[in-house]
Amino acid sequence: MSDVDTGGGDDHGKKGKKRAKKNSTKIDMTPMVDLAFLLLTFFMLTTTFSKPNAMEINMPLKDPTITPPKIAESTVMTIILSDKNKIYYYYGITDPKVEQTNFGPDGIRKVLLKRNKTVIDAVEKIRKEFEPKIEAATEEKDEKAIEKEMKVAMNKIKGDKNSTMVLIKTDDMAKYKNVVDILDEMAICTIGKYALVDILPVEIEMINNLK
Amino acid sequence: MPRSSPSLDMTPMVDLAFLLVTFFMLTTQFRADEPVIVDMPSSIAEIKIPEIDVMTITVDDKGQVFFNIDGKETRAKVLAKMGEKYKVNFTPDEIKRFSIITSFGMPITELKNYLPKKELERKALYDVIQIAGKKGIPYDSLNNQLSDWILQSRYANPKFRIAIKGDGNSPYPTVKKVIEILQKNKVNKFNLITGMETGAAPAAK
C-alpha cells in the first residue's frame with residue numbers, strides 16, 4: 001500500500017513525509033458529529049409521531065317528520081353523568097331504581113359487561129369463527145372481504161332488537177372527558193345501540209335526591 | 001509495546017446518527033402553534049384524522065371555542081365571505097396573513113386587530129381579550145359566529161371533515177352546544193379527537 005501514492009506528487013521520495021501524509025487523511029469529525037447529534041436531538045424532540053386518534057360520532061338527523069324507532073322498555077338502560085366523575089344508572093323507564101357508580105375498573109364497565117353478556121359472547125363466537133378464515137386467506141382482497149363479512153355479522157347481533165339500548169345523559173356539571181370515557185366504554189363493552197340524549201327534569205331530581 | 005491511541009473509530013456511530021437525522025428530518029411534521037393547549041381525553045379509538053380537509057373546533061377547559069381549517073385558498077375565501085357578512089373590511093394583506101395562521105378564537109371584529117400584529121403581540125392580544133371576556137368565538141344564539149364560520153367553510157370546501165378537539169376538563173354543556181350547532185348545519189357525522197389510551201395523559205389539574 002505504501003507504494004500507492006495518489007496525492008500531489010511533490011512530496012514523494014522522503015519516507016518521513018510520506019508517513020505524515022498518510023496521517024493527514026484523517027480529519028477531525030468531532031464538530032460534524034456534534035452538529036449531527038444536535039440536529040438529531042432537535043428533530044427527536046420536535047417531531048410528533050403519534051397522530052391523535054379520533055372516535056367517530058353519528059348523530060341522528062334532526063328532522064321532526066322522522067319518528068324515532070320504537071324500543072322495548074326492558075332493553076333500555078339510562079346512564080347519567082354528573083360532577084366529580086360520578087355515574088348514575090337505571091334500567092327500564094317506569095319505576096327506576098337509580099344506582100351510583102364510577103369510571104373505575106369495578107364501576108360502570110362491570111355493570112355493562114354483565115348487562116351485555118349475551119351480545120359479547122355472541123360477538124366473540126363470531127370472531128372465533130372468522131379468525132381462522134382471515135388467517136387462511138392468502139390474498140389481501142379476500143382478507144378484506146372476510147373481515148367485512150365478520151363485521152356485518154357482528155353488527156347484526158349488536159343491533160338486535162333485544163340487545164341493550166343505552167341512553168347517555170349528562171347534567172350541567174359533567175365534563176367532556178366523562179362523555180368520551182363513556183363512549184369508549186360503549187366500544188369496549190360492544191354495545192351497538194347508544195345515544196346521547198337530553199336529560200329530563202325528573203332525572204335531575206332523582207340524582208339530586210341521591211346526593 | 002505500542003501506545004494505544006485514545007481516539008476510537010467513531011464512524012459507525014456517526015453513520016447511525018446521520019441515518020437518524022435523515023429519518024427524523026423526513027418524517028417530522030412540526031406541531032402547529034395553537035393559541036390554547038388542550039389536554040385531550042384518551043380513548044381506544046383507532047381512526048386516524050386525515051391530513052387534509054380537516055376543520056377543527058377546539059374547546060378549551062374554560063369552554064372557549066377556537067376554530068381552524070386547512071388550505072390557504074380556502075381560508076382566504078372564507079375570511080372574505082365572513083368579512084362581507086359581518087361588514088368588517090379585511091385588506092388583502094390581512095387576508096394573506098389569515099391564510100397562514102392556524103387556530104384562532106375571537107369575535108370577527110377582534111380578528112381585524114389581531115391579524116396585522118406580530119407573533120408576540122398576538123399572544124398579548126389574547127391576554128387582553130381574555131380579560132375583556134371576548135376570547136373564543138361567540139356561539140350563543142344571538143351572535144352565532146361559529147355557525148357562520150362552519151357554514152362558510154363548508155361552502156368553500158364541501159369535503160371538510162369536522163373534528164372536535166375538546167379539553168378533558170371542558171364543561172360538557174359547551175361541547176353539547178357545539179354539537180347542536182353542527183347539527184343545525186346538517187353535520188351529523190363528526191369526529192372527537194382523543195389521545196391514545198396509554199395512561200400517559202397528564203393528570204387533571
# chains A, B, ... in the order shown; residues from 1 in each chain; ligands from 1
call {"tool": "residues_around", "arguments": {"residues": "A:Asp83", "least_positions_apart": "2", "cutoff": "8 Å", "atoms": "only C-alpha atoms", "output": "ChimeraX atom specification"}}
result
/A:81,85-86,171,173-175
call {"tool": "write_last_selection", "arguments": {"atoms": "C-alpha atoms", "output": "PDB file, in the first residue's frame"}}
result
ATOM      1  CA  LEU A  81     -73.089  11.530  34.020  1.00  0.00           C
ATOM      2  CA  ASN A  85     -66.851  11.643  37.637  1.00  0.00           C
ATOM      3  CA  LYS A  86     -69.955  10.126  39.171  1.00  0.00           C
ATOM      4  CA  ASP A 171     -76.202  17.091  33.748  1.00  0.00           C
ATOM      5  CA  MET A 173     -71.692  19.614  35.791  1.00  0.00           C
ATOM      6  CA  ALA A 174     -70.395  16.803  33.607  1.00  0.00           C
ATOM      7  CA  LYS A 175     -67.033  17.163  31.950  1.00  0.00           C
TER       8      LYS A 175
END
call {"tool": "interface_residues", "arguments": {"of": "chain A", "to": "chain B", "cutoff": "8 Å", "atoms": "only C-alpha atoms", "output": "PyMOL selection string"}}
result
chain A and resi 33+36-37+39-40+43-44+46-49+51-62+170+172-181+184
call {"tool": "write_last_selection", "arguments": {"atoms": "N, CA and C atoms", "output": "mmCIF file, in the first residue's frame"}}
result
data_model
loop_
_atom_site.group_PDB
_atom_site.id
_atom_site.type_symbol
_atom_site.label_atom_id
_atom_site.label_comp_id
_atom_site.auth_asym_id
_atom_site.auth_seq_id
_atom_site.Cartn_x
_atom_site.Cartn_y
_atom_site.Cartn_z
ATOM 1 N N VAL A 33 -19.928 15.644 14.055
ATOM 2 C CA VAL A 33 -20.720 14.753 14.896
ATOM 3 C C VAL A 33 -21.541 15.556 15.897
ATOM 4 N N ALA A 36 -24.410 16.811 14.050
ATOM 5 C CA ALA A 36 -25.349 15.735 13.730
ATOM 6 C C ALA A 36 -26.204 15.410 14.949
ATOM 7 N N PHE A 37 -25.550 15.327 16.096
ATOM 8 C CA PHE A 37 -26.320 14.986 17.284
ATOM 9 C C PHE A 37 -27.244 16.115 17.716
ATOM 10 N N LEU A 39 -28.734 18.189 15.699
ATOM 11 C CA LEU A 39 -29.900 18.094 14.810
ATOM 12 C C LEU A 39 -30.778 16.915 15.205
ATOM 13 N N LEU A 40 -30.126 15.806 15.517
ATOM 14 C CA LEU A 40 -30.863 14.607 15.903
ATOM 15 C C LEU A 40 -31.736 14.896 17.118
ATOM 16 N N PHE A 43 -34.678 17.259 16.151
ATOM 17 C CA PHE A 43 -35.784 16.623 15.438
ATOM 18 C C PHE A 43 -36.509 15.605 16.302
ATOM 19 N N MET A 44 -35.750 14.922 17.152
ATOM 20 C CA MET A 44 -36.418 13.952 18.025
ATOM 21 C C MET A 44 -37.396 14.629 18.970
ATOM 22 N N THR A 46 -38.846 17.668 18.519
ATOM 23 C CA THR A 46 -39.949 18.428 17.919
ATOM 24 C C THR A 46 -40.924 17.551 17.157
ATOM 25 N N THR A 47 -40.517 16.351 16.819
ATOM 26 C CA THR A 47 -41.376 15.544 15.969
ATOM 27 C C THR A 47 -42.613 15.070 16.744
ATOM 28 N N THR A 48 -43.721 15.013 16.045
ATOM 29 C CA THR A 48 -44.920 14.462 16.661
ATOM 30 C C THR A 48 -45.237 13.176 15.924
ATOM 31 N N PHE A 49 -44.987 12.099 16.595
ATOM 32 C CA PHE A 49 -45.136 10.819 15.938
ATOM 33 C C PHE A 49 -46.573 10.377 15.859
ATOM 34 N N LYS A 51 -50.111 10.482 15.598
ATOM 35 C CA LYS A 51 -51.224 11.365 15.285
ATOM 36 C C LYS A 51 -52.348 11.017 16.235
ATOM 37 N N PRO A 52 -53.045 12.019 16.724
ATOM 38 C CA PRO A 52 -54.104 11.678 17.663
ATOM 39 C C PRO A 52 -55.192 10.838 16.996
ATOM 40 N N ASN A 53 -55.771 9.971 17.786
ATOM 41 C CA ASN A 53 -56.870 9.160 17.265
ATOM 42 C C ASN A 53 -58.169 9.920 17.397
ATOM 43 N N ALA A 54 -59.166 9.428 16.726
ATOM 44 C CA ALA A 54 -60.447 10.094 16.813
ATOM 45 C C ALA A 54 -61.554 9.061 16.859
ATOM 46 N N MET A 55 -62.584 9.350 17.596
ATOM 47 C CA MET A 55 -63.747 8.473 17.559
ATOM 48 C C MET A 55 -64.815 9.138 16.699
ATOM 49 N N GLU A 56 -65.504 8.309 15.990
ATOM 50 C CA GLU A 56 -66.498 8.876 15.088
ATOM 51 C C GLU A 56 -67.867 8.864 15.761
ATOM 52 N N ILE A 57 -68.574 9.956 15.633
ATOM 53 C CA ILE A 57 -69.899 10.072 16.228
ATOM 54 C C ILE A 57 -70.904 10.319 15.112
ATOM 55 N N ASN A 58 -71.951 9.562 15.113
ATOM 56 C CA ASN A 58 -73.046 9.820 14.192
ATOM 57 C C ASN A 58 -74.253 10.238 14.997
ATOM 58 N N MET A 59 -74.690 11.449 14.796
ATOM 59 C CA MET A 59 -75.882 11.899 15.497
ATOM 60 C C MET A 59 -77.082 11.649 14.575
ATOM 61 N N PRO A 60 -78.253 11.421 15.169
ATOM 62 C CA PRO A 60 -79.421 11.224 14.314
ATOM 63 C C PRO A 60 -79.809 12.528 13.617
ATOM 64 N N LEU A 61 -80.471 12.419 12.508
ATOM 65 C CA LEU A 61 -80.946 13.598 11.803
ATOM 66 C C LEU A 61 -81.959 14.324 12.663
ATOM 67 N N LYS A 62 -81.839 15.659 12.671
ATOM 68 C CA LYS A 62 -82.818 16.417 13.444
ATOM 69 C C LYS A 62 -83.957 16.780 12.506
ATOM 70 N N THR A 170 -76.390 13.718 30.376
ATOM 71 C CA THR A 170 -75.425 14.440 31.200
ATOM 72 C C THR A 170 -76.130 15.566 31.913
ATOM 73 N N ASP A 172 -75.476 19.384 33.984
ATOM 74 C CA ASP A 172 -74.644 20.541 33.609
ATOM 75 C C ASP A 172 -73.233 20.491 34.182
ATOM 76 N N MET A 173 -73.008 19.636 35.159
ATOM 77 C CA MET A 173 -71.692 19.614 35.791
ATOM 78 C C MET A 173 -70.743 18.618 35.137
ATOM 79 N N ALA A 174 -71.239 17.841 34.211
ATOM 80 C CA ALA A 174 -70.395 16.803 33.607
ATOM 81 C C ALA A 174 -69.281 17.424 32.781
ATOM 82 N N LYS A 175 -68.164 16.709 32.753
ATOM 83 C CA LYS A 175 -67.033 17.163 31.950
ATOM 84 C C LYS A 175 -67.022 16.399 30.625
ATOM 85 N N TYR A 176 -66.404 17.029 29.650
ATOM 86 C CA TYR A 176 -66.288 16.419 28.318
ATOM 87 C C TYR A 176 -65.592 15.057 28.397
ATOM 88 N N LYS A 177 -64.601 14.984 29.299
ATOM 89 C CA LYS A 177 -63.846 13.745 29.461
ATOM 90 C C LYS A 177 -64.759 12.572 29.822
ATOM 91 N N ASN A 178 -65.750 12.850 30.678
ATOM 92 C CA ASN A 178 -66.682 11.802 31.094
ATOM 93 C C ASN A 178 -67.431 11.238 29.903
ATOM 94 N N VAL A 179 -67.827 12.135 28.999
ATOM 95 C CA VAL A 179 -68.604 11.693 27.834
ATOM 96 C C VAL A 179 -67.740 10.829 26.926
ATOM 97 N N VAL A 180 -66.494 11.281 26.707
ATOM 98 C CA VAL A 180 -65.589 10.486 25.872
ATOM 99 C C VAL A 180 -65.352 9.128 26.527
ATOM 100 N N ASP A 181 -65.166 9.143 27.841
ATOM 101 C CA ASP A 181 -64.934 7.879 28.552
ATOM 102 C C ASP A 181 -66.114 6.929 28.408
ATOM 103 N N ASP A 184 -66.269 5.502 25.077
ATOM 104 C CA ASP A 184 -65.221 4.492 24.997
ATOM 105 C C ASP A 184 -65.684 3.174 25.619
#
call {"tool": "residues_around", "arguments": {"residues": "stretch 79-93 of chain B", "least_positions_apart": "6", "cutoff": "8 Å", "atoms": "only C-alpha atoms", "output": "MDAnalysis selection string"}}
result
chainID B and resid 108:109 112 148:149 152
call {"tool": "atom_distance", "arguments": {"atom1": "atom CA of B:Thr74", "atom2": "atom CA of B:Ile57"}}
result
16.3 Å
call {"tool": "residues_around", "arguments": {"residues": "A:Lys148", "least_positions_apart": "5", "cutoff": "12 Å", "atoms": "only C-alpha atoms", "output": "list in words"}}
result
Arg127, Phe130, Ile134, Lys141, Asp142, Glu143, Ala153, Met154 and Asn155 of chain A
call {"tool": "residues_around", "arguments": {"residues": "A:Lys151", "least_positions_apart": "5", "cutoff": "10 Å", "atoms": "only C-alpha atoms", "output": "list in words"}}
result
Val123, Ile126, Arg127, Phe130, Ala145, Ile146, Lys156 and Ile157 of chain A
call {"tool": "write_last_selection", "arguments": {"atoms": "N, CA, C and O atoms", "output": "short mmCIF file (atom, residue, chain, number, x, y, z; two decimals), in the first residue's frame"}}
result
data_model
loop_
_atom_site.label_atom_id
_atom_site.label_comp_id
_atom_site.auth_asym_id
_atom_site.auth_seq_id
_atom_site.Cartn_x
_atom_site.Cartn_y
_atom_site.Cartn_z
N VAL A 123 -70.72 -12.11 19.92
CA VAL A 123 -69.74 -11.43 19.06
C VAL A 123 -68.40 -12.16 19.12
O VAL A 123 -67.73 -12.35 18.10
N ILE A 126 -68.47 -15.21 16.97
CA ILE A 126 -68.29 -14.89 15.55
C ILE A 126 -66.81 -14.61 15.25
O ILE A 126 -66.27 -15.09 14.26
N ARG A 127 -66.17 -13.90 16.17
CA ARG A 127 -64.77 -13.58 15.97
C ARG A 127 -63.94 -14.87 15.87
O ARG A 127 -63.09 -15.02 15.00
N PHE A 130 -64.46 -16.55 12.53
CA PHE A 130 -63.90 -15.90 11.34
C PHE A 130 -62.39 -15.78 11.38
O PHE A 130 -61.76 -15.70 10.32
N ALA A 145 -62.53 -8.93 2.41
CA ALA A 145 -63.91 -9.37 2.19
C ALA A 145 -64.42 -10.15 3.39
O ALA A 145 -65.55 -9.93 3.85
N ILE A 146 -63.57 -11.04 3.91
CA ILE A 146 -63.98 -11.84 5.05
C ILE A 146 -64.17 -10.95 6.29
O ILE A 146 -65.12 -11.10 7.05
N LYS A 156 -75.06 -7.22 13.13
CA LYS A 156 -76.41 -7.76 13.19
C LYS A 156 -76.76 -8.12 14.63
O LYS A 156 -77.85 -7.84 15.10
N ILE A 157 -75.81 -8.72 15.33
CA ILE A 157 -76.04 -9.10 16.72
C ILE A 157 -76.12 -7.86 17.62
O ILE A 157 -77.00 -7.73 18.45
#
call {"tool": "residues_around", "arguments": {"residues": "B:Glu94", "least_positions_apart": "6", "cutoff": "10 Å", "atoms": "only C-alpha atoms", "output": "number ranges by chain"}}
result
B: 76, 79, 111-117
call {"tool": "write_last_selection", "arguments": {"atoms": "N, CA and C atoms", "output": "mmCIF file, in the first residue's frame"}}
result
data_model
loop_
_atom_site.group_PDB
_atom_site.id
_atom_site.type_symbol
_atom_site.label_atom_id
_atom_site.label_comp_id
_atom_site.auth_asym_id
_atom_site.auth_seq_id
_atom_site.Cartn_x
_atom_site.Cartn_y
_atom_site.Cartn_z
ATOM 1 N N ALA B 76 -58.598 31.957 2.818
ATOM 2 C CA ALA B 76 -58.753 33.300 2.275
ATOM 3 C C ALA B 76 -60.197 33.527 1.828
ATOM 4 N N LEU B 79 -62.542 33.864 4.893
ATOM 5 C CA LEU B 79 -62.421 35.138 5.598
ATOM 6 C C LEU B 79 -63.082 36.261 4.805
ATOM 7 N N LEU B 111 -60.594 40.070 15.256
ATOM 8 C CA LEU B 111 -59.699 39.467 14.266
ATOM 9 C C LEU B 111 -59.015 40.556 13.431
ATOM 10 N N LYS B 112 -59.738 41.627 13.207
ATOM 11 C CA LYS B 112 -59.214 42.766 12.450
ATOM 12 C C LYS B 112 -57.984 43.364 13.160
ATOM 13 N N ASN B 113 -58.026 43.419 14.487
ATOM 14 C CA ASN B 113 -56.871 43.923 15.242
ATOM 15 C C ASN B 113 -55.768 42.880 15.326
ATOM 16 N N TYR B 114 -56.190 41.640 15.332
ATOM 17 C CA TYR B 114 -55.249 40.544 15.589
ATOM 18 C C TYR B 114 -54.331 40.293 14.399
ATOM 19 N N LEU B 115 -54.897 40.290 13.217
ATOM 20 C CA LEU B 115 -54.127 39.862 12.044
ATOM 21 C C LEU B 115 -52.884 40.689 11.730
ATOM 22 N N PRO B 116 -52.931 42.043 11.813
ATOM 23 C CA PRO B 116 -51.704 42.774 11.454
ATOM 24 C C PRO B 116 -50.580 42.614 12.466
ATOM 25 N N LYS B 117 -50.875 42.059 13.624
ATOM 26 C CA LYS B 117 -49.880 42.031 14.701
ATOM 27 C C LYS B 117 -48.811 40.958 14.488
#
call {"tool": "residues_around", "arguments": {"residues": "A:Val119", "least_positions_apart": "6", "cutoff": "10 Å", "atoms": "only C-alpha atoms", "output": "compact mmCIF listing (two decimals) with all heavy atoms, in the first residue's frame"}}
result
# COMPACT_ATOMS: atom_id res chain seq x y z
N LEU A 113 -70.68 -4.91 31.22
CA LEU A 113 -70.28 -6.24 30.75
C LEU A 113 -71.29 -7.28 31.18
O LEU A 113 -71.64 -8.19 30.43
CB LEU A 113 -68.89 -6.60 31.28
CG LEU A 113 -67.70 -5.89 30.63
CD1 LEU A 113 -66.41 -6.24 31.34
CD2 LEU A 113 -67.59 -6.22 29.16
N LYS A 125 -67.98 -15.27 19.70
CA LYS A 125 -68.12 -16.53 18.96
C LYS A 125 -67.90 -16.30 17.46
O LYS A 125 -67.19 -17.07 16.80
CB LYS A 125 -69.53 -17.09 19.20
CG LYS A 125 -69.60 -18.61 19.09
CD LYS A 125 -71.02 -19.09 19.37
CE LYS A 125 -71.43 -20.12 18.36
NZ LYS A 125 -72.88 -20.25 18.24
N MET A 154 -71.36 -9.26 13.04
CA MET A 154 -71.30 -8.69 14.40
C MET A 154 -72.32 -7.59 14.58
O MET A 154 -73.00 -7.51 15.60
CB MET A 154 -69.90 -8.12 14.64
CG MET A 154 -68.87 -9.15 14.99
SD MET A 154 -67.31 -8.31 15.20
CE MET A 154 -66.28 -9.69 15.65
N ILE A 157 -75.81 -8.72 15.33
CA ILE A 157 -76.04 -9.10 16.72
C ILE A 157 -76.12 -7.86 17.62
O ILE A 157 -77.00 -7.73 18.45
CB ILE A 157 -74.93 -10.06 17.20
CG1 ILE A 157 -75.14 -11.40 16.51
CG2 ILE A 157 -74.95 -10.21 18.71
CD1 ILE A 157 -74.11 -12.40 16.82
N LYS A 158 -75.21 -6.93 17.38
CA LYS A 158 -75.18 -5.71 18.21
C LYS A 158 -76.46 -4.91 18.04
O LYS A 158 -76.94 -4.28 18.96
CB LYS A 158 -73.99 -4.84 17.81
CG LYS A 158 -72.67 -5.33 18.36
CD LYS A 158 -71.66 -4.20 18.29
CE LYS A 158 -70.33 -4.67 17.76
NZ LYS A 158 -69.47 -3.56 17.38
N GLY A 159 -77.01 -4.92 16.82
CA GLY A 159 -78.19 -4.12 16.56
C GLY A 159 -79.49 -4.89 16.78
O GLY A 159 -80.56 -4.39 16.47
N ASP A 160 -79.38 -6.09 17.31
CA ASP A 160 -80.57 -6.92 17.55
C ASP A 160 -81.55 -6.19 18.46
O ASP A 160 -81.15 -5.43 19.34
CB ASP A 160 -80.13 -8.23 18.20
CG ASP A 160 -81.29 -9.18 18.34
OD1 ASP A 160 -81.63 -9.82 17.34
OD2 ASP A 160 -81.86 -9.27 19.45
N ASN A 162 -83.29 -7.14 20.84
CA ASN A 162 -83.26 -7.49 22.26
C ASN A 162 -81.98 -7.03 22.97
O ASN A 162 -81.84 -7.20 24.16
CB ASN A 162 -83.40 -9.00 22.44
CG ASN A 162 -84.81 -9.45 22.09
OD1 ASN A 162 -85.77 -8.73 22.37
ND2 ASN A 162 -84.91 -10.59 21.43
N SER A 163 -81.04 -6.48 22.21
CA SER A 163 -79.80 -6.05 22.86
C SER A 163 -80.02 -4.72 23.58
O SER A 163 -80.97 -3.99 23.30
CB SER A 163 -78.67 -5.93 21.84
OG SER A 163 -78.98 -4.91 20.92
N THR A 164 -79.12 -4.43 24.48
CA THR A 164 -79.30 -3.26 25.34
C THR A 164 -79.17 -1.96 24.55
O THR A 164 -78.29 -1.80 23.73
CB THR A 164 -78.22 -3.26 26.43
OG1 THR A 164 -78.27 -4.51 27.09
CG2 THR A 164 -78.44 -2.14 27.44
N CYS A 189 -67.37 -2.45 25.64
CA CYS A 189 -68.38 -3.43 26.04
C CYS A 189 -69.27 -3.85 24.86
O CYS A 189 -70.36 -4.35 25.06
CB CYS A 189 -69.23 -2.89 27.17
SG CYS A 189 -68.25 -2.46 28.59
N THR A 190 -68.80 -3.60 23.64
CA THR A 190 -69.52 -3.95 22.41
C THR A 190 -71.03 -3.64 22.48
O THR A 190 -71.86 -4.49 22.17
CB THR A 190 -69.32 -5.43 22.01
OG1 THR A 190 -69.64 -6.24 23.13
CG2 THR A 190 -67.94 -5.70 21.54
N ILE A 191 -71.32 -2.44 22.90
CA ILE A 191 -72.73 -2.03 22.88
C ILE A 191 -72.98 -1.31 21.56
O ILE A 191 -72.31 -0.34 21.23
CB ILE A 191 -73.05 -1.15 24.10
CG1 ILE A 191 -73.11 -2.04 25.33
CG2 ILE A 191 -74.37 -0.41 23.91
CD1 ILE A 191 -73.19 -1.33 26.62
N GLY A 192 -73.89 -1.86 20.79
CA GLY A 192 -74.10 -1.33 19.44
C GLY A 192 -75.09 -0.19 19.40
O GLY A 192 -75.06 0.63 18.49
call {"tool": "select_by_dssp", "arguments": {"residues": "stretch 49-205 of chain B", "states": "alpha helix (DSSP H)", "output": "PyMOL selection string"}}
result
chain B and resi 72-86+92-100+108-114+119-131+145-156+172-184
call {"tool": "atom_distance", "arguments": {"atom1": "atom CA of A:Gly107", "atom2": "atom CA of A:Ile182"}}
result
11.4 Å
